[in-house]
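Below you'll find the structure, written out as structure tokens, and then a few comments.
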Amino acid sequence: MLNLDFSIFTWSLVQNFIVKGFIFSLTLTAIATLGGVFFGTLLALMRLSGQKWLDLPAAFYVNAMRSVPLVMVILWFFLLVPLIIGQPIGAEYSAVITFIAFEAAYFSEIMRAGIQSIPRGQVFAGQALGMTYGQNMKLVILPQAFRNMLPVLLTQTIILFQDTSLVYAIGAYDLLKGFETAGKNFGRPIEMYLLAAVVYFIISFSLSSVVKRIHRKIAIIR
Amino acid sequence: MAMDWSVFCKDTLTGEVMPGCFGSGQDITYLNWLFSAWGWTVAVSLTALVVALVAGSVVGVIRTLPDRPGLVRLGNAWVELFRNIPLLVQIFLWYFVVPALIPPMKDFPPFILVVLALGLFTSARIAEQVRAGIQALPKGQRYAGMALGLTTPQYYRYVLLPMAYRIIIPPLTSESMNIFKNSAVAFAVSIPELTQYALQVGEETARPIEVYIAVTILYAVSALIINRIFAWIEKRARVPGFVAAGTGAGGH
């Protein structure tokens, strides 16, 4: 059995190496969730519009994103974004753009399933009451759809948080990179990888426990 | 931007375009290398899939056992453990931490360690699906098995599992496609698979776009092949008159 030595794990190490990465991981998760939900909703509405010229490109985009490993998408964007905007871009900014674009595809599928989970009768009932498309969406369909998909949405956010560790591929400084750098600097990589695993586990596990509770509370009784 | 596909016909050492695009003997082209990288991706993914199916089935089954709260809790803990740590971190754990803690594992080749990481990571998701599949069956099936005097292993083997596996073929399909995508993370410990190839050859040839396109297409093709295989299995295994209700699966 190897001697593990966690004595290097002090508050100053946390301040110097971990905090910066942790803030980036959380920021990336938050921006990618908000951006992903926004563009995901647009994609979902395009796919449900019934218009071929809107549906087909959206479907192609979503399926393309979903059939490629996230690591490859991260590499693609890191390569292409500078070519498109014509100037070099930092790994961190590239990661933010990538995750919004990538997560939009996954969130759009969640949105679509949520909207489609509402029985057709609800739509007809809204129409029979003389509601416009916008009123029907806002007052009848989306409130129920949102309730149905909230747990999946939150679960996807937890997966997203775990996936942010993949920015390793382009060398962005995230939570995992913070632990790795600290481990290399102090010659204790094994302890630092273990601690990284513990931190990711605690965050993801407690968040998923919260999601489970929300799921029980929010479920629509039919 | 002009593409130059002849990059794949180049010798990896001299950089000269080889006639016929494939090298011979020790002289290999980037195309040879690409297929070898694809082979690594397929090997890692399929071996990990076997590990995931075996471990996932065992854990999934013990989580549904009646009157075994200890085993059920163990199964639940397994799922939570492997589900709540990012795959990349798990790969580092298997690659750096586990061999340091368990000395005999020091001699394990990286391939085995990555397969264990990817396989056990996926086993948590498969365990969840197996459990859901078993619980989706009417309780009467279990009681019928018991009433016939079957032992617990017997009614699992002959009554519950045959139906449960049929129910979960759709989520198993997407999980098997996920395993191919997730195998990309193995680049982090220098397994010579497709993503590692994309990084290395993209830089070496200064033709990253062509290289990324080739790699991306191979990933998509792999996913498609897996998808077709499972569709074929689903068709072959269908029980007439039984409409399988799939269970949802999320994740990447």
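Each chain in the structure tokens gets a letter, A, B and so on, in the order shown; residues start at 1 in every chain, and ligands are counted from 1 in the order they appear.
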
- request: Quick one: everything within 10 Å of A:Gly126, counting only C-alpha atoms, minus sequence neighbours fewer than 4 positions away in the same chain. Send it as a VMD selection string.
  value: chain A and resid 121 to 122 130 to 133 135 to 137 139 to 141

I need the residues from that last selection saved to file as an mmCIF file, in the first residue's frame (with N, CA and C atoms), if you can.
data_model
loop_
_atom_site.group_PDB
_atom_site.id
_atom_site.type_symbol
_atom_site.label_atom_id
_atom_site.label_comp_id
_atom_site.auth_asym_id
_atom_site.auth_seq_id
_atom_site.Cartn_x
_atom_site.Cartn_y
_atom_site.Cartn_z
ATOM 1 N N GLY A 121 -54.976 16.900 -26.889
ATOM 2 C CA GLY A 121 -56.234 17.465 -26.410
ATOM 3 C C GLY A 121 -56.046 18.821 -25.761
ATOM 4 N N GLN A 122 -54.908 19.013 -25.101
ATOM 5 C CA GLN A 122 -54.628 20.292 -24.446
ATOM 6 C C GLN A 122 -54.509 21.401 -25.492
ATOM 7 N N GLY A 130 -60.339 29.781 -28.199
ATOM 8 C CA GLY A 130 -60.053 30.970 -28.988
ATOM 9 C C GLY A 130 -58.691 31.567 -28.737
ATOM 10 N N MET A 131 -57.773 30.787 -28.159
ATOM 11 C CA MET A 131 -56.435 31.323 -27.899
ATOM 12 C C MET A 131 -55.620 31.386 -29.186
ATOM 13 N N THR A 132 -54.737 32.382 -29.258
ATOM 14 C CA THR A 132 -53.802 32.439 -30.382
ATOM 15 C C THR A 132 -52.697 31.423 -30.130
ATOM 16 N N TYR A 133 -51.840 31.200 -31.172
ATOM 17 C CA TYR A 133 -50.724 30.262 -31.034
ATOM 18 C C TYR A 133 -49.844 30.652 -29.851
ATOM 19 N N GLN A 135 -50.578 32.579 -27.193
ATOM 20 C CA GLN A 135 -51.272 32.398 -25.909
ATOM 21 C C GLN A 135 -51.296 30.935 -25.506
ATOM 22 N N ASN A 136 -51.619 30.102 -26.488
ATOM 23 C CA ASN A 136 -51.724 28.667 -26.246
ATOM 24 C C ASN A 136 -50.388 28.125 -25.725
ATOM 25 N N MET A 137 -49.285 28.527 -26.427
ATOM 26 C CA MET A 137 -47.944 28.090 -26.012
ATOM 27 C C MET A 137 -47.652 28.570 -24.592
ATOM 28 N N LEU A 139 -49.613 29.923 -22.137
ATOM 29 C CA LEU A 139 -50.504 29.686 -21.000
ATOM 30 C C LEU A 139 -50.831 28.213 -20.782
ATOM 31 N N VAL A 140 -50.806 27.429 -21.864
ATOM 32 C CA VAL A 140 -51.247 26.040 -21.716
ATOM 33 C C VAL A 140 -50.084 25.058 -21.856
ATOM 34 N N ILE A 141 -49.360 25.148 -22.966
ATOM 35 C CA ILE A 141 -48.417 24.070 -23.285
ATOM 36 C C ILE A 141 -47.099 24.216 -22.537
#

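All residues of protein, DNA or RNA that reach within 7 Å of stretch 164-171 of chain A, judged by only C-alpha atoms and not counting those fewer than 4 positions away in the chain, are Ser25, Val71, Leu75, Ala91, Ala95, Leu160, Leu176 and Lys177 of chain A; Leu88 of chain B.
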
Would you mind exporting C-alpha atoms of the selected residues as an mmCIF file, in the first residue's frame?
data_model
loop_
_atom_site.group_PDB
_atom_site.id
_atom_site.type_symbol
_atom_site.label_atom_id
_atom_site.label_comp_id
_atom_site.auth_asym_id
_atom_site.auth_seq_id
_atom_site.Cartn_x
_atom_site.Cartn_y
_atom_site.Cartn_z
ATOM 1 C CA SER A 25 -15.961 25.217 -14.639
ATOM 2 C CA VAL A 71 -13.941 15.972 -27.535
ATOM 3 C CA LEU A 75 -11.234 20.326 -31.175
ATOM 4 C CA ALA A 91 -9.040 28.088 -25.136
ATOM 5 C CA ALA A 95 -14.778 26.267 -24.832
ATOM 6 C CA LEU A 160 -22.776 19.169 -18.619
ATOM 7 C CA LEU A 176 -9.580 19.304 -13.224
ATOM 8 C CA LYS A 177 -6.680 21.248 -14.716
ATOM 9 C CA LEU B 88 -11.961 11.823 -17.924
#

Proximal residues of chain A relative to chain B (only C-alpha atoms; 6 Å) as an MDAnalysis selection string: chainID A and resid 1:2 67 69 162 190 200:201 204:205

Dump of C-alpha atoms for the selected residues, as a compact mmCIF listing (two decimals), in the first residue's frame:
# COMPACT_ATOMS: atom_id res chain seq x y z
CA MET A 1 0.00 0.00 0.00
CA LEU A 2 1.29 3.35 -0.99
CA SER A 67 -23.20 11.72 -33.51
CA PRO A 69 -17.79 12.84 -29.60
CA GLN A 162 -19.02 16.75 -15.65
CA ILE A 190 -2.03 10.78 -7.35
CA TYR A 200 -16.59 16.20 -8.70
CA PHE A 201 -18.41 13.38 -6.94
CA SER A 204 -22.60 15.93 -8.85
CA PHE A 205 -24.02 13.63 -6.18

message: Ranking A:Phe179, A:Tyr193, A:Phe38, A:Phe24 by minimum distance to A:Val96 and counting only C-alpha atoms, which one comes first?
response: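 So, comparing all the options, the nearest one is A:Phe24.
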
message: So that I can see what lies close to stretch 116-124 of chain B, please list as a PyMOL selection string the residues with an atom at most 7 Å from it, counting only C-alpha atoms and leaving out residues fewer than 5 positions away in the same chain.
response: chain B and resi 48-49+51-53+55-56+78-79+82-83+87+90-91+94

Would you save the residues of that selection, restricted to C-alpha atoms, as a short mmCIF file (atom, residue, chain, number, x, y, z; two decimals), in the first residue's frame?
data_model
loop_
_atom_site.label_atom_id
_atom_site.label_comp_id
_atom_site.auth_asym_id
_atom_site.auth_seq_id
_atom_site.Cartn_x
_atom_site.Cartn_y
_atom_site.Cartn_z
CA ALA B 48 -15.51 -1.82 -22.83
CA LEU B 49 -19.02 -2.63 -24.06
CA VAL B 51 -17.30 -5.15 -19.55
CA ALA B 52 -20.19 -2.69 -19.26
CA LEU B 53 -22.83 -5.23 -20.26
CA ALA B 55 -21.00 -5.55 -14.87
CA GLY B 56 -24.10 -3.50 -15.64
CA TRP B 78 -22.02 1.40 -7.47
CA VAL B 79 -24.28 3.36 -9.80
CA PHE B 82 -19.52 5.66 -11.38
CA ARG B 83 -22.17 8.11 -12.52
CA LEU B 87 -15.24 9.99 -17.36
CA GLN B 90 -12.18 8.19 -13.96
CA ILE B 91 -9.67 7.47 -16.70
CA TRP B 94 -7.55 4.07 -13.39
#

message: Please report the interatomic distance between atom CA of B:Arg63 and atom CA of B:Asn76 in Å with one decimal.
response: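 Separation of atom CA of B:Arg63 and atom CA of B:Asn76: 6.8 Å.
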
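Within 7 Å of B:Gly133, once only C-alpha atoms are used and residues closer than 3 positions along the same chain are dropped, the contacting residues are Gln129, Val130, Ala136, Leu137, Ala164, Tyr165, Ile167 and Ile168 of chain B.
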
Keeping only C-alpha atoms, write the selected residues to a file as a CSV table (one decimal), in the first residue's frame.
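As a result, selection-v3.csv now contains:
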chain,number,residue,atom,x,y,z
B,129,GLN,CA,-31.4,0.5,-17.6
B,130,VAL,CA,-31.5,-3.2,-16.6
B,136,ALA,CA,-41.1,-2.2,-16.0
B,137,LEU,CA,-42.4,-5.8,-16.1
B,164,ALA,CA,-36.4,-7.1,-19.6
B,165,TYR,CA,-33.5,-7.2,-22.1
B,167,ILE,CA,-37.5,-3.9,-23.4
B,168,ILE,CA,-34.2,-2.1,-23.0

- request: Could you please write out, as a PyMOL selection string, every residue of stretch 6-245 of chain B that DSSP assigns to alpha helix (DSSP H)?
  value: chain B and resi 30-62+69-83+87-92+98-101+110-136+139-147+152-155+161-167+169-182+194-205+208-237

- prompt: Could you work out how far atom CA of A:Leu42 lies from atom CA of A:Pro57, giving the answer in Å with one decimal?
  reply: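 Straight-line distance from atom CA of A:Pro57 to atom CA of A:Leu42 works out to 12.2 Å.
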